[in-house]
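Engineer: Here it is, the structure in full.
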Amino acid sequence: MTIAKAWREPSALVRAAVIGLSSFTLPFLLSAQVRTFEAVRVTSPVFVDGVLNEPVWAREGISGLIQREPHEGEPASEKSEIWFAYDDDALYVAARLSDSAPDSILGRLVRRDAEFQSDFVRIGIDPNLDRNTAYYFGTNPSGSINDGIYYDDNKTDDSYDPIWDVAVGRDDRGWTAEFRIPFSQLRFEARENATWGVEVLRRIHRRNEESLLVLHPRNDDIRVSRWCLLTGLRNITPPPRIEIMPYAATTGKFLPAPPVAAFNQGRKDPFVFGRDYSLNLGADAKIGLSGDFTLDASLNPDFAQVEVDPAVVNLTAFETYYAEKRPFFIEGSSILAFGRGGAASFVDFNWTDPDFFYSRRIGRAPQGTVTHDGFQDIPDRTTILGAAKVSGKTNSGWSLAALTALTDGEYGEVDSAGTRFREQIEPLTAYAVVRGKKQFDGSRQAVGIIGTFVERDLSEPALAGGLSKRALSAGVDGWTFLDEANEWVLTGWSGFTRVEGSREYLLRLQQSPGHWFQKPDASHLKVDSGATSLTGWAGRAWLAKDKGNWRFSAALGAIHPGFESNDLGFHTYTDVINMNLYTAYLWFEPDPVFRTKSLSLAGLREYNFGGFKIGETYYLNAAGELLSYWGGSLYLGYNVEVYDDRRTRGGPLMKSLSSWFLFLSLYSDLREDVYGFLSLSADRGKSGGWDYSVSATLSWKISTALNLSVAPAYSRNYVVAQYLTAFPDPLATATYGTRYIFGVLDRKTLSAELRLNWTFTPKASFQLYLQPYFTAGDYGDFHSLARPAAFSFDPFVYPGNPDFNFRSLRANAVFRWEYRPGSTLYLVWTNEKAHFEEQNGQFSLSRDFAAMMRSRPANVLALKLTYWWTP
């Protein structure tokens with residue numbers, strides 16, 4: 001049916017009339033009295049089997065769900081009935097989800113917390129009725145589950161994995177779900193007559209329909225604070241919370257041997273490189289303390305991540321950021337989130353908040369190196385001796401969390417022609433993080449604090465020159481809504497850092513990427529060779545309107561040149577003042593073509609602390625979704641000519657010439673068995689540089705249990721002035737006695753990601769990830785910077801050939817089986833082939849693929865068994 005015909009149909013006219021009526025009645029619906037329901041204490045056992053035949057479910061259920069999608073404000077197209085009950089140990093929820101076409105109900109088997117892409121029902125529970133934090137528990141017609149928490153009213157964290165039970169069933173009326181949620185998995189205060197917040201979300205996938213107990217308009221992001229009330233919960237008390245999870249893990253590493261030094265030729269590697277087996281035993285514990293507080297502790301924790309990091313070739317001066325994938329640090333990570341509360345969304349352009357806490361610093365690869373050549377035995381990570389987290393909420397309303405960890409000193413061993421050397425490459429280190437937050441006036445205002453501390457044992461002189469002795473940071477954050485309707489909100493954070501260490505280390509830190517105090521034309525920067533500490537600050541504030549059709553955001557942020565959080569946090573650059581304005585109009589009401597659409601404008605400016613303008617960009621964006629659920633967006637932008645204080649990597653200013661860019665993204669209907677995404681980007685500058693990229697993702701739902709996705713990407717970057725090196729030259733008087741060398745770089749990159757997800761049951765799954773990656777860089781037309789504050793160069797004869805060619809293939813396979821509640825078996829295989837070739841910048845897929853396949857792989861096999869026990 002064409003769009004025009006669809007809107008000529010009588011049913012469409014009726015729908016338009018209903019939409020118009022709902023827009024008139026919407027204010028009244030929103031201001032209506034909060035819906036209140038009653039939970040019933042069960043008098044006979046409830047068997048969680050998906051068959052709603054217990055007497056407690058025989059009474060009339062809760063119904064009257066209201067659509068959010070696709071027809072906001074209309075009654076749900078199918079009837080849903082919900083019941084709440086409880087006993088001394090658990091909350092029970094039953095759902096009868098009627099469907100006039102039961103053969104069209106879709107239930108996909110997916111692993112825990114994966115996107116359902118099917119019908120589902122989700123129960124939300126706010127047991128403390130703080131209208132800000134809550135739990136959610138969801139299931140679909142196949143019995144797959146997801147769970148997590150809400151925080152700051154509308155943000156979610158699916159790392160929370162409690163132990164609960166659910167069963168589903170199907171019949172000729174639709175499908176059913178029966179939940180048992182133990183009180184031991186919830187945090188709440190004991191009350192004689194408790195009132196909780198609740199919500200129910202139902203999705204009918206084939207109609208793209210989502211409905212809830214209360215109307216949630218699409219033009220705002222209010223969630224938990226709008227939920228209904230659940231009463232009747234009498235004389236329930238939170239039980240003691242004690243959970244113990246011992247584990248056993250074994251790993252086998254089969255690695256290719258490195259090149260052998262000439263003086264070791266003919267000798268056998270005494271470290272038996274290429275065969276490495278290990279067995280680890282340990283335990284995790286979760287113990288409820290007084291009140292709402294919980295202790296998470298680990299003895300000899302196994303913090304190996306299950307998934308591999310993607311391949312990347314970094315030609316910048318800055319460190320690559322990788323996401324955390326280790327369960328101990330992922331679970332409950334939202335408790336330590338800092339700086340971005342209050343507002344539903346934050347608009348930033350060319351700005352990334354520095355992290356005060358980046359958990360991958362704990363257990364990282366050793367930062368030191370051995371100083372001798374020969375056969376080597378180098379650990380690939382730092383041993384975490386122990387770690388603990390404490391989190392909870394005080395009676396006065398403060399949410400508090402603390403994390404501490406102790407990592408062991410690590411040593412590298414070298415056999416050089418039979419002589420053994422043992423050198424320390426990582427010191428014994430203590431880490432600590434504390435976080436607190438208090439909300440006021442129904443979460444209309446909040447204030448929070450964060451602090452981090454790192455202490456290292458630097459008794460080894462070789463390490464004192466490369467690491468800080470002590471590092472600390474502290475910050476405050478908060479928000480306040482400025483009007484009664486909670487449309488306008490002011491959010492912000494600020495903090496400082498201080499690092500202490502040897503003069504050698506501080507001299508190196510001042511001249512490192514991101515600080516570059518040695519810039520010869522920066523009057524606001526100065527290297528202090530006698531310094532033994534460095535202090536800096538950073539902060540950002542947003543003023544936002546994130547409700548309604550018209551949106552607005554203004555932001556101002558700054559990072560002082562001396563700011564340094566990388567001992568336990570993460571940041572790349574400093575010496576920046578960033579400001580941006582953004583405005584947008586969003587249409588949520590369908591028209592004859594679009595279901596939703598938006599138009600936005602934005603602009604940013606950046607300065608360094610010396611007053612030089614280092615950024616100015618303007619954006620125009622249009623986005624829309626058709627009635628067919630296909631959609632996309634188009635970005636157009638223009639970069640104004642500014643100064644660049646980073647390209648010379650500690651040298652003088654350069655000019656960054658003007659350029660334009662565009663980004664186009666498209667997507668198809670995600671409900672189909674085959675759907676995809678397509679992205680195109682391009683830019684061209686006055687300097688003569690240009691680049692473009694194209695990427696796509698094609699997903700195929702082969703069956704209700706098997707899903708395959710392929711995501712190829714290709715990019716080409718033509719950079720007129722790619723930094724290569726710098727060296728002293730007394731003849732380079734215009735550039736302060738140093739010659740800065742650049743080259744024209746023509747870089748081509750081809751990569752792909754393949755993911756196979758096969759779910760056997762809701763508790764057993766297999767995942768396969770493959771990433772081939774090829775990139776080649778061809779340099780030419782070498783030149784040196786002619787004068788500062790310009791984009792002008794002199795010819796230069798470069799003595800070497802910096803061309804490069806890198807190929808890799810990464811594979812990761814994971815089998816997960818929850819063989820009993822909370823107890824899991826993991827079987828993991830990782831494989832990596834990598835080959836780096838110098839002085840070859842030519843890109844040839846057939847040749848590069850063949851060279852990669854000839855490379856010897858690194859294989860790692862791991863088996864981990866956990867057992868969950870509670871008294």
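Going through the structure tokens in order, the chains are called A, B, and so on, while each chain numbers its residues from 1 and the ligands are numbered from 1 in the order shown.
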Residues of range 88-110 of chain A that have any atom at most 12 Å from an atom of range 761-785 of chain A: could you tabulate them with the shortest-distance atom pair and the distance in Å to one decimal, using only C-alpha atoms, ordered by chain and increasing number, as CSV?
Structural biologist:
residue,atom,partner,partner_atom,distance
A:Gly107,CA,A:Pro762,CA,11.3
A:Arg108,CA,A:Pro762,CA,9.6
A:Leu109,CA,A:Pro762,CA,6.2
A:Val110,CA,A:Pro762,CA,6.5
Engineer: Would you mind exporting N, CA and C atoms of the selected residues as a JSON list (two decimals), in the first residue's frame?
Structural biologist:
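Okay, part11.json is ready:
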[["chain", "number", "residue", "atom", "x", "y", "z"],
["A", 107, "GLY", "N", 8.74, -14.36, 19.52],
["A", 107, "GLY", "CA", 9.64, -14.52, 20.65],
["A", 107, "GLY", "C", 10.98, -15.05, 20.17],
["A", 108, "ARG", "N", 12.03, -14.26, 20.34],
["A", 108, "ARG", "CA", 13.36, -14.67, 19.90],
["A", 108, "ARG", "C", 14.18, -15.12, 21.11],
["A", 109, "LEU", "N", 15.00, -16.14, 20.89],
["A", 109, "LEU", "CA", 15.94, -16.57, 21.90],
["A", 109, "LEU", "C", 17.19, -15.69, 21.81],
["A", 110, "VAL", "N", 17.48, -14.96, 22.87],
["A", 110, "VAL", "CA", 18.68, -14.12, 22.92],
["A", 110, "VAL", "C", 19.33, -14.31, 24.29]]
Engineer: Considering only C-alpha atoms, tabulate each residue of range 477-592 of chain A that lies at most 12 Å from range 417-438 of chain A along with its nearest interatomic pair and the corresponding distance in Å to one decimal; arrange the rows by chain and ascending residue number and present them as JSON lines.
Structural biologist:
{"residue": "A:Asp477", "atom": "CA", "partner": "A:Lys437", "partner_atom": "CA", "distance": 8.6}
{"residue": "A:Gly478", "atom": "CA", "partner": "A:Lys437", "partner_atom": "CA", "distance": 8.3}
{"residue": "A:Trp479", "atom": "CA", "partner": "A:Lys438", "partner_atom": "CA", "distance": 10.7}
{"residue": "A:Asp567", "atom": "CA", "partner": "A:Tyr431", "partner_atom": "CA", "distance": 9.4}
{"residue": "A:Leu568", "atom": "CA", "partner": "A:Tyr431", "partner_atom": "CA", "distance": 7.6}
{"residue": "A:Gly569", "atom": "CA", "partner": "A:Val433", "partner_atom": "CA", "distance": 10.4}
Engineer: If you keep C-alpha atoms, can you produce a file of those selected residues as a short mmCIF file (atom, residue, chain, number, x, y, z; two decimals), in the first residue's frame?
Structural biologist:
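This is the output file selection-v7.cif:
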data_model
loop_
_atom_site.label_atom_id
_atom_site.label_comp_id
_atom_site.auth_asym_id
_atom_site.auth_seq_id
_atom_site.Cartn_x
_atom_site.Cartn_y
_atom_site.Cartn_z
CA ASP A 477 28.87 17.92 40.27
CA GLY A 478 25.16 18.62 40.40
CA TRP A 479 22.11 20.01 38.72
CA ASP A 567 46.71 7.55 36.68
CA LEU A 568 43.18 6.33 37.45
CA GLY A 569 41.14 8.26 34.90
#
Engineer: Could you name the residues that touch range 361-371 of chain A at 7 Å or less, counting only C-alpha atoms, but leaving out those on the same chain fewer than 2 positions away, as an mmCIF file with C-alpha atoms, in the first residue's frame?
Structural biologist:
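After the write, selection_27.cif holds the following:
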data_model
loop_
_atom_site.group_PDB
_atom_site.id
_atom_site.type_symbol
_atom_site.label_atom_id
_atom_site.label_comp_id
_atom_site.auth_asym_id
_atom_site.auth_seq_id
_atom_site.Cartn_x
_atom_site.Cartn_y
_atom_site.Cartn_z
ATOM 1 C CA TYR A 358 38.679 4.682 34.121
ATOM 2 C CA SER A 359 38.596 1.155 35.510
ATOM 3 C CA ASP A 373 67.729 -8.251 25.017
ATOM 4 C CA ASP A 380 50.532 -9.245 29.801
ATOM 5 C CA ARG A 381 48.599 -7.795 32.721
ATOM 6 C CA THR A 382 49.082 -6.727 36.315
ATOM 7 C CA THR A 383 47.914 -9.133 39.000
ATOM 8 C CA ILE A 384 45.019 -7.776 41.078
ATOM 9 C CA THR A 407 47.744 -4.674 42.343
ATOM 10 C CA GLY A 412 60.024 -9.259 33.608
ATOM 11 C CA GLU A 423 63.670 -6.430 36.447
ATOM 12 C CA ILE A 425 58.312 -3.381 35.366
ATOM 13 C CA GLU A 426 55.266 -2.439 37.476
ATOM 14 C CA LEU A 463 60.318 3.047 37.669
ATOM 15 C CA LEU A 568 43.183 6.328 37.454
#
Engineer: Between A:Phe496, A:Tyr692, A:Tyr505, A:Phe843, which residue has the minimum interatomic distance to Trp537 in chain A, considering only C-alpha atoms?
Structural biologist: A:Phe496
Engineer: Taking only C-alpha atoms into account, name the residue in A:Leu543, A:Ile378, A:Leu336, A:Ala297 that is nearest to Ile450 in chain A.
Structural biologist: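 Checking each of A:Leu543, A:Ile378, A:Leu336, A:Ala297 against Ile450 in chain A, counting only C-alpha atoms, the winner is A:Leu336.
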Engineer: Could you pull out the residues in range 445-668 of chain A that DSSP calls alpha helix (DSSP H) from the backbone, as a list in words?
Structural biologist: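 Everything in range 445-668 of chain A that counts as alpha helix (DSSP H) is Pro461, Ala462, Leu463, Ala464, Arg503, Glu504, Tyr505, Leu506, Leu507, Arg508, Leu509 and Gln510 of chain A.
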